[in-house]
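**Student:** work-v8.csv is reproduced in full below (CSV, C-alpha atoms and all ligand atoms).
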chain,number,residue,atom,x,y,z
A,14,MET,CA,88.0,27.2,37.0
A,15,LYS,CA,91.6,26.1,36.3
A,16,LYS,CA,93.2,29.5,35.8
A,17,PRO,CA,95.8,30.3,38.4
A,18,ILE,CA,95.6,32.6,41.3
A,19,GLY,CA,97.9,35.6,40.9
A,20,ILE,CA,99.9,37.0,43.8
A,21,PHE,CA,102.5,39.8,44.0
A,22,ASP,CA,104.8,41.5,46.5
A,23,SER,CA,108.0,43.5,46.4
A,24,GLY,CA,109.9,40.3,47.2
A,25,VAL,CA,109.6,37.2,49.5
A,26,GLY,CA,107.1,38.7,52.0
A,27,GLY,CA,104.0,37.5,50.2
A,28,LEU,CA,105.3,33.9,50.2
A,29,SER,CA,104.1,33.8,53.8
A,30,ILE,CA,100.6,34.2,52.4
A,31,LEU,CA,101.2,31.7,49.5
A,32,ASN,CA,102.6,29.1,52.0
A,33,ARG,CA,99.3,29.1,53.9
A,34,LEU,CA,97.0,29.6,50.8
A,35,LYS,CA,98.4,26.5,49.0
A,36,GLU,CA,97.6,24.4,52.1
A,37,LEU,CA,94.0,25.7,52.2
A,38,LEU,CA,93.5,25.4,48.4
A,39,PRO,CA,95.5,22.4,47.2
A,40,ASN,CA,93.7,22.1,43.9
A,41,GLU,CA,94.6,25.7,42.8
A,42,SER,CA,97.6,26.8,40.7
A,43,PHE,CA,99.5,29.9,41.6
A,44,VAL,CA,101.6,32.5,39.9
A,45,TYR,CA,103.7,34.6,42.3
A,46,LEU,CA,105.6,37.8,41.2
A,47,ALA,CA,108.4,39.0,43.4
A,48,ASP,CA,109.2,42.5,42.1
A,49,ASN,CA,112.6,42.4,43.7
A,50,ILE,CA,114.1,44.8,41.3
A,51,ASN,CA,112.1,47.5,42.9
A,52,CYS,CA,112.3,46.2,46.5
A,53,PRO,CA,111.8,47.7,49.1
A,54,TYR,CA,108.5,49.5,48.3
A,55,GLY,CA,108.2,50.9,51.8
A,56,ASN,CA,110.3,54.0,51.3
A,57,LYS,CA,109.2,54.7,47.7
A,58,SER,CA,106.7,57.5,46.8
A,59,LYS,CA,103.0,56.6,46.5
A,60,LYS,CA,103.2,57.3,42.8
A,61,GLU,CA,105.9,54.7,42.4
A,62,ILE,CA,104.1,52.2,44.5
A,63,ILE,CA,101.0,52.6,42.3
A,64,PHE,CA,103.1,52.3,39.2
A,65,PHE,CA,104.8,49.0,40.4
A,66,SER,CA,101.4,47.6,41.5
A,67,LEU,CA,99.7,48.3,38.2
A,68,LYS,CA,102.7,46.8,36.3
A,69,ASN,CA,102.6,43.6,38.4
A,70,THR,CA,98.8,43.4,38.0
A,71,SER,CA,99.0,43.7,34.2
A,72,LYS,CA,101.6,40.9,34.1
A,73,LEU,CA,99.4,38.6,36.2
A,74,ILE,CA,96.4,39.3,34.0
A,75,GLU,CA,98.6,38.6,30.9
A,76,LEU,CA,99.5,35.3,32.6
A,77,ASN,CA,95.8,34.5,32.7
A,78,CYS,CA,95.2,34.9,36.5
A,79,LYS,CA,91.5,34.8,37.7
A,80,ILE,CA,92.1,36.8,40.9
A,81,ILE,CA,94.8,39.1,42.1
A,82,ILE,CA,96.1,38.9,45.7
A,83,VAL,CA,98.1,42.0,46.7
A,84,ALA,CA,100.3,40.2,49.3
A,85,CYS,CA,101.9,43.4,50.4
A,86,ASN,CA,100.6,45.9,53.0
A,87,THR,CA,102.5,48.8,51.4
A,88,ALA,CA,100.9,48.1,47.9
A,89,THR,CA,97.5,47.5,49.4
A,90,THR,CA,97.3,50.6,51.5
A,91,ASN,CA,98.7,52.8,48.7
A,92,ALA,CA,97.4,51.3,45.5
A,93,ILE,CA,94.5,48.9,45.9
A,94,GLN,CA,91.9,51.4,44.6
A,95,LYS,CA,93.9,52.0,41.4
A,96,ILE,CA,94.4,48.3,40.9
A,97,ARG,CA,90.6,47.6,41.3
A,98,GLU,CA,89.9,50.4,38.7
A,99,ARG,CA,92.3,48.7,36.3
A,100,VAL,CA,91.0,45.1,36.2
A,101,SER,CA,87.7,43.2,36.2
A,102,VAL,CA,88.8,40.2,38.2
A,103,PRO,CA,88.5,40.2,42.0
A,104,VAL,CA,91.4,42.0,43.9
A,105,ILE,CA,92.2,41.1,47.5
A,106,GLY,CA,94.7,43.0,49.6
A,107,ILE,CA,96.4,42.6,52.9
A,108,GLU,CA,96.0,45.4,55.5
A,109,PRO,CA,97.5,45.8,58.9
A,110,GLY,CA,95.0,44.1,61.3
A,111,ILE,CA,94.0,47.2,63.2
A,112,LYS,CA,90.4,46.2,63.6
A,113,PRO,CA,91.1,42.8,65.2
A,114,ALA,CA,93.6,44.6,67.5
A,115,ILE,CA,90.9,47.1,68.6
A,116,ASN,CA,88.6,44.2,69.4
A,117,TYR,CA,91.3,42.5,71.4
A,118,THR,CA,93.0,45.2,73.4
A,119,LYS,CA,92.2,45.5,77.2
A,120,THR,CA,95.1,47.9,77.9
A,121,LYS,CA,93.8,50.2,75.1
A,122,ASN,CA,97.3,50.3,73.7
A,123,ILE,CA,98.2,48.7,70.4
A,124,GLY,CA,101.6,48.3,68.7
A,125,VAL,CA,102.0,48.4,64.9
A,126,LEU,CA,105.3,47.6,63.2
A,127,ALA,CA,105.1,48.4,59.4
A,128,THR,CA,106.8,50.2,56.6
A,129,GLU,CA,107.1,53.9,56.3
A,130,LYS,CA,104.6,54.1,53.4
A,131,THR,CA,102.0,51.9,55.1
A,132,LEU,CA,102.0,54.0,58.2
A,133,SER,CA,101.7,57.2,56.2
A,134,SER,CA,99.0,55.9,53.8
A,135,LYS,CA,95.5,57.4,53.8
A,136,LEU,CA,93.9,54.0,54.2
A,137,PHE,CA,95.9,53.3,57.4
A,138,LEU,CA,95.3,56.8,58.8
A,139,GLU,CA,91.5,56.4,58.2
A,140,THR,CA,91.4,53.0,59.9
A,141,SER,CA,93.4,54.4,62.8
A,142,LYS,CA,91.2,57.5,63.1
A,143,GLU,CA,88.1,55.3,63.9
A,144,ASN,CA,89.9,54.4,67.1
A,145,LYS,CA,89.5,57.8,68.6
A,146,THR,CA,86.0,56.9,69.6
A,147,HIS,CA,87.3,53.8,71.4
A,148,ASN,CA,90.0,55.8,73.2
A,149,ILE,CA,92.6,53.4,72.0
A,150,LYS,CA,96.2,54.5,71.4
A,151,ILE,CA,98.2,53.2,68.4
A,152,HIS,CA,101.9,53.1,68.9
A,153,GLU,CA,103.7,53.0,65.5
A,154,GLN,CA,107.2,51.9,64.6
A,155,ILE,CA,108.7,51.9,61.1
A,156,GLY,CA,110.6,48.7,60.5
A,157,TYR,CA,113.7,50.4,59.0
A,158,GLU,CA,116.0,48.0,57.2
A,159,LEU,CA,114.0,44.9,58.1
A,160,VAL,CA,112.7,44.2,54.6
A,161,ASN,CA,116.2,44.4,53.1
A,162,ALA,CA,117.6,42.2,55.8
A,163,ILE,CA,114.8,39.5,55.3
A,164,GLU,CA,115.1,39.8,51.5
A,165,LYS,CA,118.8,39.4,51.3
A,166,ARG,CA,119.3,37.4,54.5
A,167,SER,CA,122.1,39.9,55.2
A,168,PHE,CA,121.8,40.1,59.0
A,169,SER,CA,122.6,37.4,61.5
A,170,ARG,CA,119.9,36.3,64.0
A,171,SER,CA,121.5,38.2,66.8
A,172,GLU,CA,121.8,41.4,64.7
A,173,LEU,CA,118.1,41.2,63.9
A,174,PHE,CA,117.4,40.5,67.5
A,175,SER,CA,119.0,43.8,68.7
A,176,ILE,CA,117.4,45.8,65.9
A,177,LEU,CA,113.9,44.4,66.8
A,178,LYS,CA,114.5,44.9,70.4
A,179,SER,CA,115.2,48.6,69.9
A,180,TYR,CA,111.9,48.8,67.8
A,181,LEU,CA,109.7,46.9,70.2
A,182,THR,CA,110.9,48.1,73.6
A,183,PRO,CA,109.3,51.6,73.4
A,184,MET,CA,105.9,50.0,72.5
A,185,ILE,CA,106.3,47.4,75.3
A,186,ASN,CA,106.9,50.3,77.7
A,187,LYS,CA,103.7,51.9,76.5
A,188,ASN,CA,101.7,49.0,77.9
A,189,ILE,CA,100.6,47.4,74.6
A,190,ASP,CA,98.9,44.0,74.9
A,191,CYS,CA,98.9,43.2,71.2
A,192,LEU,CA,101.2,43.8,68.2
A,193,VAL,CA,100.2,44.1,64.6
A,194,LEU,CA,102.7,43.1,62.0
A,195,GLY,CA,101.9,45.4,59.1
A,196,CYS,CA,104.3,44.0,56.5
A,197,THR,CA,104.2,40.5,55.1
A,198,HIS,CA,108.0,40.2,55.2
A,199,TYR,CA,107.9,40.3,59.0
A,200,ASN,CA,106.2,36.9,59.1
A,201,PHE,CA,109.6,35.5,58.5
A,202,ILE,CA,111.0,36.9,61.7
A,203,ILE,CA,108.1,36.0,64.0
A,204,ASP,CA,110.2,33.7,66.1
A,205,ILE,CA,112.6,36.5,67.0
A,206,ILE,CA,109.7,38.9,67.7
A,207,GLU,CA,108.0,36.4,69.9
A,208,GLU,CA,111.3,35.9,71.8
A,209,ILE,CA,111.4,39.6,72.6
A,210,LEU,CA,107.7,40.1,73.5
A,211,PRO,CA,106.7,39.4,77.0
A,212,LYS,CA,104.1,36.6,77.2
A,213,ASN,CA,101.2,38.9,77.9
A,214,ILE,CA,101.5,40.6,74.5
A,215,ILE,CA,100.0,38.7,71.6
A,216,LEU,CA,100.6,39.0,67.8
A,217,ILE,CA,97.5,39.7,65.8
A,218,ASP,CA,97.0,37.0,63.1
A,219,THR,CA,96.3,38.7,59.8
A,220,ILE,CA,96.9,35.7,57.6
A,221,THR,CA,94.1,33.4,58.7
A,222,PRO,CA,91.3,35.9,58.0
A,223,VAL,CA,92.7,36.9,54.6
A,224,ILE,CA,93.1,33.3,53.3
A,225,LYS,CA,89.6,32.5,54.4
A,226,HIS,CA,88.4,35.6,52.6
A,227,ILE,CA,90.2,34.6,49.5
A,228,LYS,CA,88.6,31.1,49.5
A,229,ASN,CA,85.1,32.6,50.1
A,230,THR,CA,85.7,35.1,47.2
A,231,LEU,CA,86.7,32.2,44.9
A,232,ILE,CA,83.5,30.4,45.9
A,233,SER,CA,81.1,33.3,45.6
A,234,ASN,CA,82.5,34.3,42.2
A,235,GLU,CA,82.3,30.7,41.1
A,236,ILE,CA,86.0,30.6,40.1
A,237,ILE,CA,87.3,28.0,42.6
A,238,ASN,CA,89.0,25.0,41.1
A,239,ASN,CA,86.9,21.9,41.9
A,240,SER,CA,88.8,19.5,39.6
A,241,ASN,CA,91.7,17.4,40.8
A,242,SER,CA,93.8,18.3,37.8
A,243,LYS,CA,97.6,18.7,38.4
A,244,SER,CA,98.3,22.1,39.9
A,245,TYR,CA,101.5,24.2,39.7
A,246,ILE,CA,103.2,27.0,41.7
A,247,HIS,CA,105.3,29.3,39.6
A,248,ILE,CA,107.4,31.9,41.4
A,249,PHE,CA,109.0,34.7,39.2
A,250,TYR,CA,111.6,37.3,40.2
A,251,ASN,CA,112.9,40.1,38.1
A,252,ASN,CA,116.3,40.7,39.8
A,253,ASN,CA,118.4,38.3,41.9
A,254,PRO,CA,117.0,34.8,42.5
A,255,LEU,CA,115.1,34.6,45.7
A,256,PRO,CA,117.1,32.8,48.5
A,257,LYS,CA,116.4,29.1,48.4
A,258,GLU,CA,115.6,29.1,52.2
A,259,TYR,CA,112.2,30.6,51.3
A,260,MET,CA,111.4,28.0,48.6
A,261,LYS,CA,109.1,25.0,49.2
A,262,LYS,CA,109.9,21.9,47.2
A,263,ASP,CA,106.8,22.3,44.9
A,264,TYR,CA,107.8,25.9,44.0
A,265,VAL,CA,109.2,26.4,40.5
A,266,LEU,CA,111.5,29.4,40.6
A,267,ASN,CA,112.3,31.4,37.4
A,268,TYR,CA,113.5,34.8,36.2
A,269,LEU,CA,110.9,36.8,34.3
A,270,LYS,CA,111.1,40.3,32.9
A,271,PHE,CA,108.2,42.4,34.2
B,1,LIG,N1,105.9,42.9,52.0
B,1,LIG,C1,105.7,44.3,51.9
B,1,LIG,C2,104.6,44.8,52.8
B,1,LIG,O1,103.8,44.0,53.3
B,1,LIG,C3,106.7,45.1,51.2
B,1,LIG,C4,107.6,45.9,52.0
B,1,LIG,C5,108.6,46.7,51.2
B,1,LIG,O2,108.9,46.3,50.1
B,1,LIG,O3,109.1,47.7,51.7
B,1,LIG,O4,104.5,46.0,53.1
Take the structure I supplied and represent it as structure tokens, if you would.

**Tutor:**
Amino acid sequence: MKKPIGIFDSGVGGLSILNRLKELLPNESFVYLADNINCPYGNKSKKEIIFFSLKNTSKLIELNCKIIIVACNTATTNAIQKIRERVSVPVIGIEPGIKPAINYTKTKNIGVLATEKTLSSKLFLETSKENKTHNIKIHEQIGYELVNAIEKRSFSRSELFSILKSYLTPMINKNIDCLVLGCTHYNFIIDIIEEILPKNIILIDTITPVIKHIKNTLISNEIINNSNSKSYIHIFYNNNPLPKEYMKKDYVLNYLKF
């Protein structure tokens, strides 16, 4: 099926998913919505996050998308159920990788860096609760200001380094052996995070399982594009243009009201 894959986030974060997805699915076309007029989502109310998510979803359906990818942990953990109730196409979200972290940890201490509203969401709390039986401790940290900094590229590398160091040090001191990045924006600062983390602490990869799941869903729903027709990648924003540093050469960037 030639219809595009629809993706949304509050801004550039979901591009980290799109960048990998387009490599895995080169025949597919993509429509990406960066709802940057409402960014960040992470400190908004659940009601607002649901409202933005449904608005973005309706736009993607109007643009003829065959599947919706919620490339945002905050929108997934707060709104995925409402989105699924609204549309008949498959809907796939991104959740913080708590389960893989549970399977991995030997020290029984996991670190999670995410937005305020992801960490307080029912979905996140329920997933975390399961750990009680495993006797595993989850050490949470809200990534205050990180989304804005990544979105606007307003901080220097050394400023970001010291902010991140102050967020990560308490978790490192709690003997974590893995860290979950529960916000797609943070994929763009992985190099700084890795510089701060001691070598014995790994980052849990949440992108690879989700892109495989998307491919399998396209196959099982018989909506994968098997033809070699020319594909396109359209990126739309509804406030300031996204910084060009995040754009790949085949991305067509335009303003759209949504
Ligand atoms: N990229 C987002 C996430 O994964 C959005 C964060 C925000 O807008 O606060 O949670």

**Student:** Using all atoms listed in the file, find each residue in region 72-106 of chain A having at least one atom no more than 12 Å away from region 217-225 of chain A; report its shortest atom-to-atom pair and that distance in Å (one decimal), rows by chain then rising number, as a tab-separated table.

**Tutor:**
residue	atom	partner	partner_atom	distance
A:Ile82	CA	A:Val223	CA	9.7
A:Val83	CA	A:Val223	CA	10.8
A:Ala84	CA	A:Val223	CA	9.8
A:Cys85	CA	A:Ile220	CA	11.7
A:Asn86	CA	A:Thr219	CA	10.8
A:Val104	CA	A:Val223	CA	11.9
A:Ile105	CA	A:Val223	CA	8.3
A:Gly106	CA	A:Val223	CA	8.1

**Student:** With a cut-off of 10 Å, could you pull out the residues of chain A touching ligand LIG 1 (chain B) and give me the nearest pair of atoms for each, distance in Å to one decimal, using all atoms listed in the file, ordered by chain and ascending number, as JSON lines?

**Tutor:**
{"residue": "A:Phe21", "atom": "CA", "partner": "B:LIG1", "partner_atom": "N1", "distance": 9.2}
{"residue": "A:Asp22", "atom": "CA", "partner": "B:LIG1", "partner_atom": "N1", "distance": 5.8}
{"residue": "A:Ser23", "atom": "CA", "partner": "B:LIG1", "partner_atom": "O2", "distance": 4.7}
{"residue": "A:Gly24", "atom": "CA", "partner": "B:LIG1", "partner_atom": "O2", "distance": 6.7}
{"residue": "A:Val25", "atom": "CA", "partner": "B:LIG1", "partner_atom": "N1", "distance": 7.2}
{"residue": "A:Gly26", "atom": "CA", "partner": "B:LIG1", "partner_atom": "N1", "distance": 4.4}
{"residue": "A:Gly27", "atom": "CA", "partner": "B:LIG1", "partner_atom": "N1", "distance": 6.0}
{"residue": "A:Leu28", "atom": "CA", "partner": "B:LIG1", "partner_atom": "N1", "distance": 9.2}
{"residue": "A:Ser29", "atom": "CA", "partner": "B:LIG1", "partner_atom": "N1", "distance": 9.4}
{"residue": "A:Ala47", "atom": "CA", "partner": "B:LIG1", "partner_atom": "N1", "distance": 9.8}
{"residue": "A:Asp48", "atom": "CA", "partner": "B:LIG1", "partner_atom": "O2", "distance": 8.9}
{"residue": "A:Asn49", "atom": "CA", "partner": "B:LIG1", "partner_atom": "O2", "distance": 8.4}
{"residue": "A:Asn51", "atom": "CA", "partner": "B:LIG1", "partner_atom": "O2", "distance": 8.0}
{"residue": "A:Cys52", "atom": "CA", "partner": "B:LIG1", "partner_atom": "O2", "distance": 5.0}
{"residue": "A:Pro53", "atom": "CA", "partner": "B:LIG1", "partner_atom": "O2", "distance": 3.4}
{"residue": "A:Tyr54", "atom": "CA", "partner": "B:LIG1", "partner_atom": "O2", "distance": 3.7}
{"residue": "A:Gly55", "atom": "CA", "partner": "B:LIG1", "partner_atom": "O3", "distance": 3.3}
{"residue": "A:Asn56", "atom": "CA", "partner": "B:LIG1", "partner_atom": "O3", "distance": 6.4}
{"residue": "A:Lys57", "atom": "CA", "partner": "B:LIG1", "partner_atom": "O3", "distance": 8.1}
{"residue": "A:Ile62", "atom": "CA", "partner": "B:LIG1", "partner_atom": "O2", "distance": 9.4}
{"residue": "A:Val83", "atom": "CA", "partner": "B:LIG1", "partner_atom": "O1", "distance": 8.9}
{"residue": "A:Ala84", "atom": "CA", "partner": "B:LIG1", "partner_atom": "O1", "distance": 6.5}
{"residue": "A:Cys85", "atom": "CA", "partner": "B:LIG1", "partner_atom": "O1", "distance": 3.5}
{"residue": "A:Asn86", "atom": "CA", "partner": "B:LIG1", "partner_atom": "O1", "distance": 3.7}
{"residue": "A:Thr87", "atom": "CA", "partner": "B:LIG1", "partner_atom": "O4", "distance": 3.8}
{"residue": "A:Ala88", "atom": "CA", "partner": "B:LIG1", "partner_atom": "O4", "distance": 6.7}
{"residue": "A:Thr89", "atom": "CA", "partner": "B:LIG1", "partner_atom": "O4", "distance": 8.1}
{"residue": "A:Thr90", "atom": "CA", "partner": "B:LIG1", "partner_atom": "O4", "distance": 8.7}
{"residue": "A:Asn91", "atom": "CA", "partner": "B:LIG1", "partner_atom": "O4", "distance": 10.0}
{"residue": "A:Gly106", "atom": "CA", "partner": "B:LIG1", "partner_atom": "O1", "distance": 9.9}
{"residue": "A:Ile107", "atom": "CA", "partner": "B:LIG1", "partner_atom": "O1", "distance": 7.5}
{"residue": "A:Glu108", "atom": "CA", "partner": "B:LIG1", "partner_atom": "O1", "distance": 8.2}
{"residue": "A:Pro109", "atom": "CA", "partner": "B:LIG1", "partner_atom": "O1", "distance": 8.6}
{"residue": "A:Ala127", "atom": "CA", "partner": "B:LIG1", "partner_atom": "O4", "distance": 6.8}
{"residue": "A:Thr128", "atom": "CA", "partner": "B:LIG1", "partner_atom": "O4", "distance": 5.9}
{"residue": "A:Glu129", "atom": "CA", "partner": "B:LIG1", "partner_atom": "O3", "distance": 8.0}
{"residue": "A:Lys130", "atom": "CA", "partner": "B:LIG1", "partner_atom": "O3", "distance": 8.0}
{"residue": "A:Thr131", "atom": "CA", "partner": "B:LIG1", "partner_atom": "O4", "distance": 6.7}
{"residue": "A:Leu132", "atom": "CA", "partner": "B:LIG1", "partner_atom": "O4", "distance": 9.8}
{"residue": "A:Gly156", "atom": "CA", "partner": "B:LIG1", "partner_atom": "O3", "distance": 9.0}
{"residue": "A:Tyr157", "atom": "CA", "partner": "B:LIG1", "partner_atom": "O3", "distance": 9.0}
{"residue": "A:Glu158", "atom": "CA", "partner": "B:LIG1", "partner_atom": "O3", "distance": 8.8}
{"residue": "A:Leu159", "atom": "CA", "partner": "B:LIG1", "partner_atom": "O3", "distance": 8.5}
{"residue": "A:Val160", "atom": "CA", "partner": "B:LIG1", "partner_atom": "O3", "distance": 5.8}
{"residue": "A:Asn161", "atom": "CA", "partner": "B:LIG1", "partner_atom": "O3", "distance": 8.0}
{"residue": "A:Glu164", "atom": "CA", "partner": "B:LIG1", "partner_atom": "O2", "distance": 9.1}
{"residue": "A:Leu194", "atom": "CA", "partner": "B:LIG1", "partner_atom": "O1", "distance": 8.8}
{"residue": "A:Gly195", "atom": "CA", "partner": "B:LIG1", "partner_atom": "O1", "distance": 6.3}
{"residue": "A:Cys196", "atom": "CA", "partner": "B:LIG1", "partner_atom": "O1", "distance": 3.2}
{"residue": "A:Thr197", "atom": "CA", "partner": "B:LIG1", "partner_atom": "O1", "distance": 4.0}
{"residue": "A:His198", "atom": "CA", "partner": "B:LIG1", "partner_atom": "N1", "distance": 4.7}
{"residue": "A:Tyr199", "atom": "CA", "partner": "B:LIG1", "partner_atom": "N1", "distance": 7.7}
{"residue": "A:Asn200", "atom": "CA", "partner": "B:LIG1", "partner_atom": "N1", "distance": 9.3}

**Student:** Give me, please, the distance in Å between CA of Thr182 (chain A) and CA of Glu208 (chain A), quoted to one decimal.

**Tutor:**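 Computed distance, CA of Thr182 (chain A) to CA of Glu208 (chain A), equals 12.3 Å.
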
**Student:** State, in Å with one decimal place, the distance from CA of Ile151 (chain A) to CA of Ile176 (chain A).

**Tutor:**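 For CA of Ile151 (chain A) relative to CA of Ile176 (chain A), the distance reads 20.7 Å.
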
**Student:** So which one's closest to Lys261 (chain A), A:Cys191, A:Glu153, A:Ile246, A:Phe64? Using all atoms listed in the file, please.

**Tutor:**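 For Lys261 (chain A), the nearest of the candidates is A:Ile246.
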
**Student:** Considering all atoms listed in the file, return as a PDB file with C-alpha atoms, keeping the file's coordinate frame whatever protein or nucleic-acid residues lie within 6 Å of region 16-19 of chain A, sequence-local ones (same chain, fewer than 5 positions apart) excluded.

**Tutor:**
ATOM      1  CA  SER A  42      97.600  26.800  40.700  1.00  0.00           C
ATOM      2  CA  PHE A  43      99.500  29.900  41.600  1.00  0.00           C
ATOM      3  CA  VAL A  44     101.600  32.500  39.900  1.00  0.00           C
ATOM      4  CA  LEU A  73      99.400  38.600  36.200  1.00  0.00           C
ATOM      5  CA  CYS A  78      95.200  34.900  36.500  1.00  0.00           C
ATOM      6  CA  LYS A  79      91.500  34.800  37.700  1.00  0.00           C
ATOM      7  CA  ILE A  80      92.100  36.800  40.900  1.00  0.00           C
ATOM      8  CA  ILE A  81      94.800  39.100  42.100  1.00  0.00           C
TER       9      ILE A  81
END

**Student:** Take CA of Ile149 (chain A) and CA of Ile115 (chain A) and report the distance between them in Å, one decimal.

**Tutor:**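 Separation between CA of Ile149 (chain A) and CA of Ile115 (chain A): 7.4 Å.
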
**Student:** Could you tell me which of A:Leu173, A:Ile123, A:Ile203, A:Ile163 comes closest to Asn188 (chain A) if we count only C-alpha atoms?

**Tutor:**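 The answer is A:Ile123, which sits nearest to Asn188 (chain A).
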
**Student:** List the spatial neighbours of Ala92 (chain A) as a list in words - criterion: any atom at most 9 Å away, all atoms listed in the file, same-chain residues fewer than 6 positions off excluded.

**Tutor:** Lys59, Lys60, Ile62, Ile63, Phe64, Ser66 and Leu67 of chain A

**Student:** Keeping C-alpha atoms for every residue in the selection just given, could you write it to a file as a compact mmCIF listing (two decimals), in the frame of the given file?

**Tutor:**
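In the end it all went to part.txt:
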# COMPACT_ATOMS: atom_id res chain seq x y z
CA LYS A 59 103.00 56.60 46.50
CA LYS A 60 103.20 57.30 42.80
CA ILE A 62 104.10 52.20 44.50
CA ILE A 63 101.00 52.60 42.30
CA PHE A 64 103.10 52.30 39.20
CA SER A 66 101.40 47.60 41.50
CA LEU A 67 99.70 48.30 38.20

**Student:** Please work out which residues fall within 6 Å of (99.1, 44.8, 69.5), coordinates as given in the file, with only C-alpha atoms counting, and return them as a PyMOL selection string.

**Tutor:** chain A and resi 114+123-124+189-193

**Student:** Excluding Asn267 (chain A) and any residue of its chain fewer than 5 positions from it, enumerate the residues within 7 Å of it, using all atoms listed in the file, and give them as an mmCIF file with C-alpha atoms, keeping the file's coordinate frame.

**Tutor:**
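Listed below is the output, around.cif:
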data_model
loop_
_atom_site.group_PDB
_atom_site.id
_atom_site.type_symbol
_atom_site.label_atom_id
_atom_site.label_comp_id
_atom_site.auth_asym_id
_atom_site.auth_seq_id
_atom_site.Cartn_x
_atom_site.Cartn_y
_atom_site.Cartn_z
ATOM 1 C CA ILE A 248 107.400 31.900 41.400
ATOM 2 C CA PHE A 249 109.000 34.700 39.200
ATOM 3 C CA TYR A 250 111.600 37.300 40.200
#

**Student:** From the options A:Lys262, A:Lys15, A:Lys35, A:Lys165, which residue's atoms come nearest to Asn238 (chain A), counting all atoms listed in the file?

**Tutor:**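 Of all the options, A:Lys15 lies closest to Asn238 (chain A).
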